[in-house]
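Undergrad: Would you mind keeping the following structure in view while I ask a few things?
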Amino acid sequence: MARASFSQATWLVAEREMKTLVGTKGFWIGFLFTVVGLFALTILPTVFGGDDPKVAVVGSAVQAVQGKALDVQEVGSVQEAADLVRADDVDAAIVPDGAGIKVLALNSPPNSVIRQLVESPPVELLEASAVTSGQRSVTVIVFGLVFLMFGMGGAAIAQSTVTEKQTRIVEILVSTVPVRALLAGKILGHTILTLLQVVVLALAAPIALRVAGLGELLGVVAPALGWFIPFLMLGFVLISSMWAVAGALVSRQEDLGSTMGLVMIAVMGPYFGVQFFYENPVVLKWMSFVPFTAGVAMPVRLFSEQAAAWEAILSLGILAVTVVVILLVASRLYTGSLLQTGGRVKLSKAWAPAE
């Protein structure tokens, strides 16, 4: 029987990986959790946006709260209003004070009430944005969490690699298919499944926005989401190759923790980095061109209308070149460590066979 070509062997491995992963409950539970989380992050802020502060108002002070976002309860005396504050039935009391008013609170200034009472000056926006700060923060969380979840999902590649080494199945596999085809097939299979999940999420996102009453945001979200998909997929390939090497370097599942530290940083770094610095345009701009953080930072900048299309294309190109380099390095390390059993394989030793 003729040995399969590289492309045939790659597809056979990819097909095997997809069937194995789709057949597990964890895959479906994780995917369902991601879809439900998308709807929750979009809808819940509008459903539980916070009630208006409750205040007790006495006499003429009622004029100061007319038209304000306050839950007003009128009472007959200052003492009655103070009693409601002490009983924690209201957040504050607004009472007459000479020609003006005074706010009574229990033990700290009620800032949410004071903000309603203070007359705000008119604001003119020189560069108006279609995106509010709240909408931007939700988008940062959603993009970051999706990247984090799929990046962590790549750990299945490391786990399957370790299992094959631990059960010695890998020796049978490499006698049938080239080692590089084994690596390529694992990455291809998991990438296809990830792409299918991302497509479902991309289709669900507009529905979630409409349900939340944010349909007007679709015009802003759609372009950013369109960029997010290729960034996410290239980022996933980058992370997947690192997961594969992490699995090939050890021979037991319990030893996997010793090799996955760097991959965990590469997965969690973009999430926490963008969460901390998304309001810092300078840092966010630099992060959008760093391959490991560009997958989240650049789509966030595009959503906030802070980046031009050429910047996204340049960032995507840098990421693509980095993916090729990492794949070549990962292929060499994977090939040099896959058939080595026992303890953890040192990177220098895994690299040596290609010399």
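Numbering starts fresh at 1 for the residues of each chain in the structure tokens, the chains themselves are lettered A, B, ... in the order given, and ligands are numbered from 1 as they appear.
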Out of region 27-126 of chain A, which residues get strand (DSSP E or B) from DSSP, as an MDAnalysis selection string?

TA: chainID A and resid 54:58 71:75 92:97 100:104

Undergrad: Go ahead and save the picked residues with C-alpha atoms, as an mmCIF file, in the first residue's frame.

TA:
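Result file is result14.cif:
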```cif
data_model
loop_
_atom_site.group_PDB
_atom_site.id
_atom_site.type_symbol
_atom_site.label_atom_id
_atom_site.label_comp_id
_atom_site.auth_asym_id
_atom_site.auth_seq_id
_atom_site.Cartn_x
_atom_site.Cartn_y
_atom_site.Cartn_z
ATOM 1 C CA LYS A 54 -33.888 56.604 45.632
ATOM 2 C CA VAL A 55 -34.259 59.948 47.386
ATOM 3 C CA ALA A 56 -36.659 61.435 49.926
ATOM 4 C CA VAL A 57 -37.696 65.007 49.150
ATOM 5 C CA VAL A 58 -39.206 67.581 51.487
ATOM 6 C CA ASP A 71 -36.628 57.766 42.223
ATOM 7 C CA VAL A 72 -38.405 60.442 44.280
ATOM 8 C CA GLN A 73 -40.404 59.857 47.463
ATOM 9 C CA GLU A 74 -42.003 63.003 48.879
ATOM 10 C CA VAL A 75 -42.272 63.229 52.675
ATOM 11 C CA ALA A 92 -30.272 60.271 50.356
ATOM 12 C CA ALA A 93 -32.700 63.004 51.334
ATOM 13 C CA ILE A 94 -33.026 66.388 49.643
ATOM 14 C CA VAL A 95 -34.378 69.059 51.972
ATOM 15 C CA PRO A 96 -34.780 72.880 51.888
ATOM 16 C CA ASP A 97 -31.856 74.861 53.237
ATOM 17 C CA GLY A 100 -31.446 76.512 48.411
ATOM 18 C CA ILE A 101 -31.329 72.796 49.160
ATOM 19 C CA LYS A 102 -29.248 70.385 51.215
ATOM 20 C CA VAL A 103 -28.534 66.684 50.779
ATOM 21 C CA LEU A 104 -28.720 64.374 53.792
#
```

Undergrad: Find the residues around Pro53 (chain A) up to 7 Å (only C-alpha atoms counted), leave out those fewer than 3 positions away in its own chain, and share them as a short mmCIF file (atom, residue, chain, number, x, y, z; two decimals) with N, CA, C and O atoms, in the first residue's frame.

TA:
```
data_model
loop_
_atom_site.label_atom_id
_atom_site.label_comp_id
_atom_site.auth_asym_id
_atom_site.auth_seq_id
_atom_site.Cartn_x
_atom_site.Cartn_y
_atom_site.Cartn_z
N LEU A 70 -33.98 60.33 39.11
CA LEU A 70 -34.05 59.97 40.53
C LEU A 70 -35.40 59.36 40.84
O LEU A 70 -36.43 59.75 40.27
N ASP A 71 -35.40 58.38 41.74
CA ASP A 71 -36.63 57.77 42.22
C ASP A 71 -37.07 58.55 43.45
O ASP A 71 -36.52 58.39 44.54
N ASP A 91 -31.40 56.39 49.32
CA ASP A 91 -29.96 56.65 49.25
C ASP A 91 -29.60 57.99 49.87
O ASP A 91 -28.48 58.17 50.37
N SER A 112 -23.91 59.58 43.19
CA SER A 112 -24.87 59.38 42.10
C SER A 112 -26.03 60.37 42.19
O SER A 112 -26.58 60.79 41.16
N VAL A 113 -26.40 60.77 43.40
CA VAL A 113 -27.46 61.76 43.59
C VAL A 113 -26.92 63.16 43.29
O VAL A 113 -27.57 63.97 42.62
#
```

Undergrad: Where does DSSP see alpha helix (DSSP H) in region 25-177 of chain A, if you list the residues as a ChimeraX atom specification?

TA: /A:25-47,78-86,111-117,133-153,155-166,169-176

Undergrad: Can you work out the spacing between CA of Ala244 (chain A) and CA of Trp28 (chain A) in Å, to one decimal?

TA: 22.0 Å

Undergrad: Determine, counting only C-alpha atoms, which protein, DNA and RNA residues have an atom within 7 Å of an atom of Leu249 (chain A); residues of the same chain fewer than 3 positions away are not included. Present the result as a ChimeraX atom specification.

TA: /A:245-246,337-338,344-345

Undergrad: Pull the closest atom pair for each residue of region 4-94 of chain A that gets at most 6 Å from region 189-213 of chain A, along with the distance in Å to one decimal, counting only C-alpha atoms, ordering rows by chain and then ascending residue number, as CSV.

TA:
```
residue,atom,partner,partner_atom,distance
A:Ala14,CA,A:Gly189,CA,4.0
A:Glu17,CA,A:Gly189,CA,5.7
A:Met18,CA,A:Gly189,CA,5.4
A:Phe39,CA,A:Ala208,CA,5.4
A:Ile43,CA,A:Ala212,CA,4.8
```

Undergrad: Compare A:Lys186, A:Arg301, A:Arg136, A:Arg168 by their minimum atom-to-atom distance to Ser251 (chain A), counting only C-alpha atoms, and give me the closest one.

TA: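 Ranked by minimum distance to Ser251 (chain A), first place goes to A:Arg168.
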
Undergrad: When distances are computed from only C-alpha atoms, which of A:Tyr334, A:Trp286, A:Phe277, A:Phe272 shows the smallest separation from Thr161 (chain A)?

TA: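 Of the candidates, the smallest distance to Thr161 (chain A) is held by A:Tyr334.
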
Undergrad: Using only C-alpha atoms, can you tell me which of A:Val290, A:Gly153, A:Gly342, A:Pro223 comes closest to Ile29 (chain A)?

TA: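 For Ile29 (chain A), the nearest of the given residues is A:Gly153.
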
Undergrad: Can you tell me, as a list in words, what residues are no more than 12 Å from Thr176 (chain A) when counting only C-alpha atoms, ignoring any on the same chain fewer than 2 positions away?

TA: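 The filter keeps Met1, Ala2, Arg3, Ala4, Ser5, Phe6, Gln8, Ala9, Thr10, Leu12, Val13, Ile169, Val170, Glu171, Ile172, Leu173, Val174, Pro178, Val179, Arg180, Ala181 and Leu182 of chain A.
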
Undergrad: For a test of reading the model, state the distance in Å between CA of Gly37 (chain A) and CA of Val296 (chain A), rounded to one decimal.

TA: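 About the pair CA of Gly37 (chain A) and CA of Val296 (chain A): they are 17.6 Å apart.
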
Undergrad: Taking into account only C-alpha atoms, which residue in the set A:Ala294, A:Ala40, A:Val62, A:Val221 is nearest to Phe147 (chain A)?

TA: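 Smallest distance to Phe147 (chain A) is found for A:Ala294.
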
Undergrad: Give me the residues within 7 Å of region 267-269 of chain A as number ranges by chain, counting only C-alpha atoms and dropping any in the same chain fewer than 2 places off.

TA: A: 148, 151-152, 263-265, 271-273

Undergrad: Let's have the selection written as a PDB file, in the first residue's frame, with all heavy atoms.

TA:
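Once everything was written out, this is part_33.pdb:
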```pdb
ATOM      1  N   LEU A 148      -9.529  34.658  24.330  1.00  0.00           N
ATOM      2  CA  LEU A 148      -9.048  33.863  25.461  1.00  0.00           C
ATOM      3  C   LEU A 148      -9.618  32.454  25.432  1.00  0.00           C
ATOM      4  O   LEU A 148      -8.884  31.468  25.611  1.00  0.00           O
ATOM      5  CB  LEU A 148      -9.420  34.560  26.766  1.00  0.00           C
ATOM      6  CG  LEU A 148      -8.986  33.884  28.075  1.00  0.00           C
ATOM      7  CD1 LEU A 148      -7.472  33.828  28.186  1.00  0.00           C
ATOM      8  CD2 LEU A 148      -9.574  34.622  29.274  1.00  0.00           C
ATOM      9  N   GLY A 151      -8.193  30.524  22.454  1.00  0.00           N
ATOM     10  CA  GLY A 151      -6.776  30.271  22.705  1.00  0.00           C
ATOM     11  C   GLY A 151      -6.569  29.158  23.706  1.00  0.00           C
ATOM     12  O   GLY A 151      -5.725  28.269  23.519  1.00  0.00           O
ATOM     13  N   MET A 152      -7.364  29.170  24.779  1.00  0.00           N
ATOM     14  CA  MET A 152      -7.271  28.103  25.774  1.00  0.00           C
ATOM     15  C   MET A 152      -7.784  26.788  25.205  1.00  0.00           C
ATOM     16  O   MET A 152      -7.330  25.716  25.589  1.00  0.00           O
ATOM     17  CB  MET A 152      -8.072  28.486  27.020  1.00  0.00           C
ATOM     18  CG  MET A 152      -7.483  29.640  27.824  1.00  0.00           C
ATOM     19  SD  MET A 152      -5.798  29.305  28.393  1.00  0.00           S
ATOM     20  CE  MET A 152      -6.099  27.923  29.495  1.00  0.00           C
ATOM     21  N   VAL A 263       2.948  29.417  26.771  1.00  0.00           N
ATOM     22  CA  VAL A 263       1.735  29.454  25.946  1.00  0.00           C
ATOM     23  C   VAL A 263       0.616  30.164  26.690  1.00  0.00           C
ATOM     24  O   VAL A 263      -0.154  30.936  26.111  1.00  0.00           O
ATOM     25  CB  VAL A 263       1.297  28.028  25.560  1.00  0.00           C
ATOM     26  CG1 VAL A 263       0.250  28.081  24.461  1.00  0.00           C
ATOM     27  CG2 VAL A 263       2.484  27.197  25.105  1.00  0.00           C
ATOM     28  N   MET A 264       0.508  29.920  27.987  1.00  0.00           N
ATOM     29  CA  MET A 264      -0.519  30.579  28.790  1.00  0.00           C
ATOM     30  C   MET A 264      -0.339  32.095  28.758  1.00  0.00           C
ATOM     31  O   MET A 264      -1.310  32.851  28.682  1.00  0.00           O
ATOM     32  CB  MET A 264      -0.460  30.070  30.226  1.00  0.00           C
ATOM     33  CG  MET A 264      -0.853  28.617  30.393  1.00  0.00           C
ATOM     34  SD  MET A 264      -2.624  28.358  30.177  1.00  0.00           S
ATOM     35  CE  MET A 264      -3.246  29.111  31.678  1.00  0.00           C
ATOM     36  N   ILE A 265       0.909  32.541  28.821  1.00  0.00           N
ATOM     37  CA  ILE A 265       1.178  33.980  28.751  1.00  0.00           C
ATOM     38  C   ILE A 265       0.747  34.531  27.400  1.00  0.00           C
ATOM     39  O   ILE A 265       0.148  35.615  27.300  1.00  0.00           O
ATOM     40  CB  ILE A 265       2.677  34.258  28.989  1.00  0.00           C
ATOM     41  CG1 ILE A 265       3.059  33.905  30.433  1.00  0.00           C
ATOM     42  CG2 ILE A 265       3.015  35.718  28.699  1.00  0.00           C
ATOM     43  CD1 ILE A 265       4.535  34.013  30.722  1.00  0.00           C
ATOM     44  N   TYR A 271      -5.602  39.377  26.415  1.00  0.00           N
ATOM     45  CA  TYR A 271      -6.832  39.698  27.147  1.00  0.00           C
ATOM     46  C   TYR A 271      -6.565  40.744  28.221  1.00  0.00           C
ATOM     47  O   TYR A 271      -7.192  41.805  28.252  1.00  0.00           O
ATOM     48  CB  TYR A 271      -7.426  38.430  27.760  1.00  0.00           C
ATOM     49  CG  TYR A 271      -8.609  38.715  28.659  1.00  0.00           C
ATOM     50  CD1 TYR A 271      -9.853  39.050  28.107  1.00  0.00           C
ATOM     51  CD2 TYR A 271      -8.498  38.680  30.040  1.00  0.00           C
ATOM     52  CE1 TYR A 271     -10.937  39.330  28.913  1.00  0.00           C
ATOM     53  CE2 TYR A 271      -9.585  38.962  30.863  1.00  0.00           C
ATOM     54  CZ  TYR A 271     -10.796  39.283  30.287  1.00  0.00           C
ATOM     55  OH  TYR A 271     -11.863  39.575  31.101  1.00  0.00           O
ATOM     56  N   PHE A 272      -5.623  40.451  29.114  1.00  0.00           N
ATOM     57  CA  PHE A 272      -5.367  41.375  30.215  1.00  0.00           C
ATOM     58  C   PHE A 272      -4.709  42.666  29.719  1.00  0.00           C
ATOM     59  O   PHE A 272      -4.976  43.751  30.256  1.00  0.00           O
ATOM     60  CB  PHE A 272      -4.485  40.696  31.265  1.00  0.00           C
ATOM     61  CG  PHE A 272      -5.214  39.653  32.065  1.00  0.00           C
ATOM     62  CD1 PHE A 272      -4.957  38.300  31.873  1.00  0.00           C
ATOM     63  CD2 PHE A 272      -6.174  40.010  32.982  1.00  0.00           C
ATOM     64  CE1 PHE A 272      -5.638  37.335  32.596  1.00  0.00           C
ATOM     65  CE2 PHE A 272      -6.865  39.061  33.713  1.00  0.00           C
ATOM     66  CZ  PHE A 272      -6.596  37.713  33.527  1.00  0.00           C
ATOM     67  N   GLY A 273      -3.856  42.566  28.696  1.00  0.00           N
ATOM     68  CA  GLY A 273      -3.212  43.761  28.171  1.00  0.00           C
ATOM     69  C   GLY A 273      -4.224  44.762  27.643  1.00  0.00           C
ATOM     70  O   GLY A 273      -4.161  45.969  27.962  1.00  0.00           O
TER      71      GLY A 273
END
```

Undergrad: Quote the spacing between CA of Val22 (chain A) and CA of Ala156 (chain A) in Å to one decimal place.

TA: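 Answer for the CA of Val22 (chain A) to CA of Ala156 (chain A) separation: 11.6 Å.
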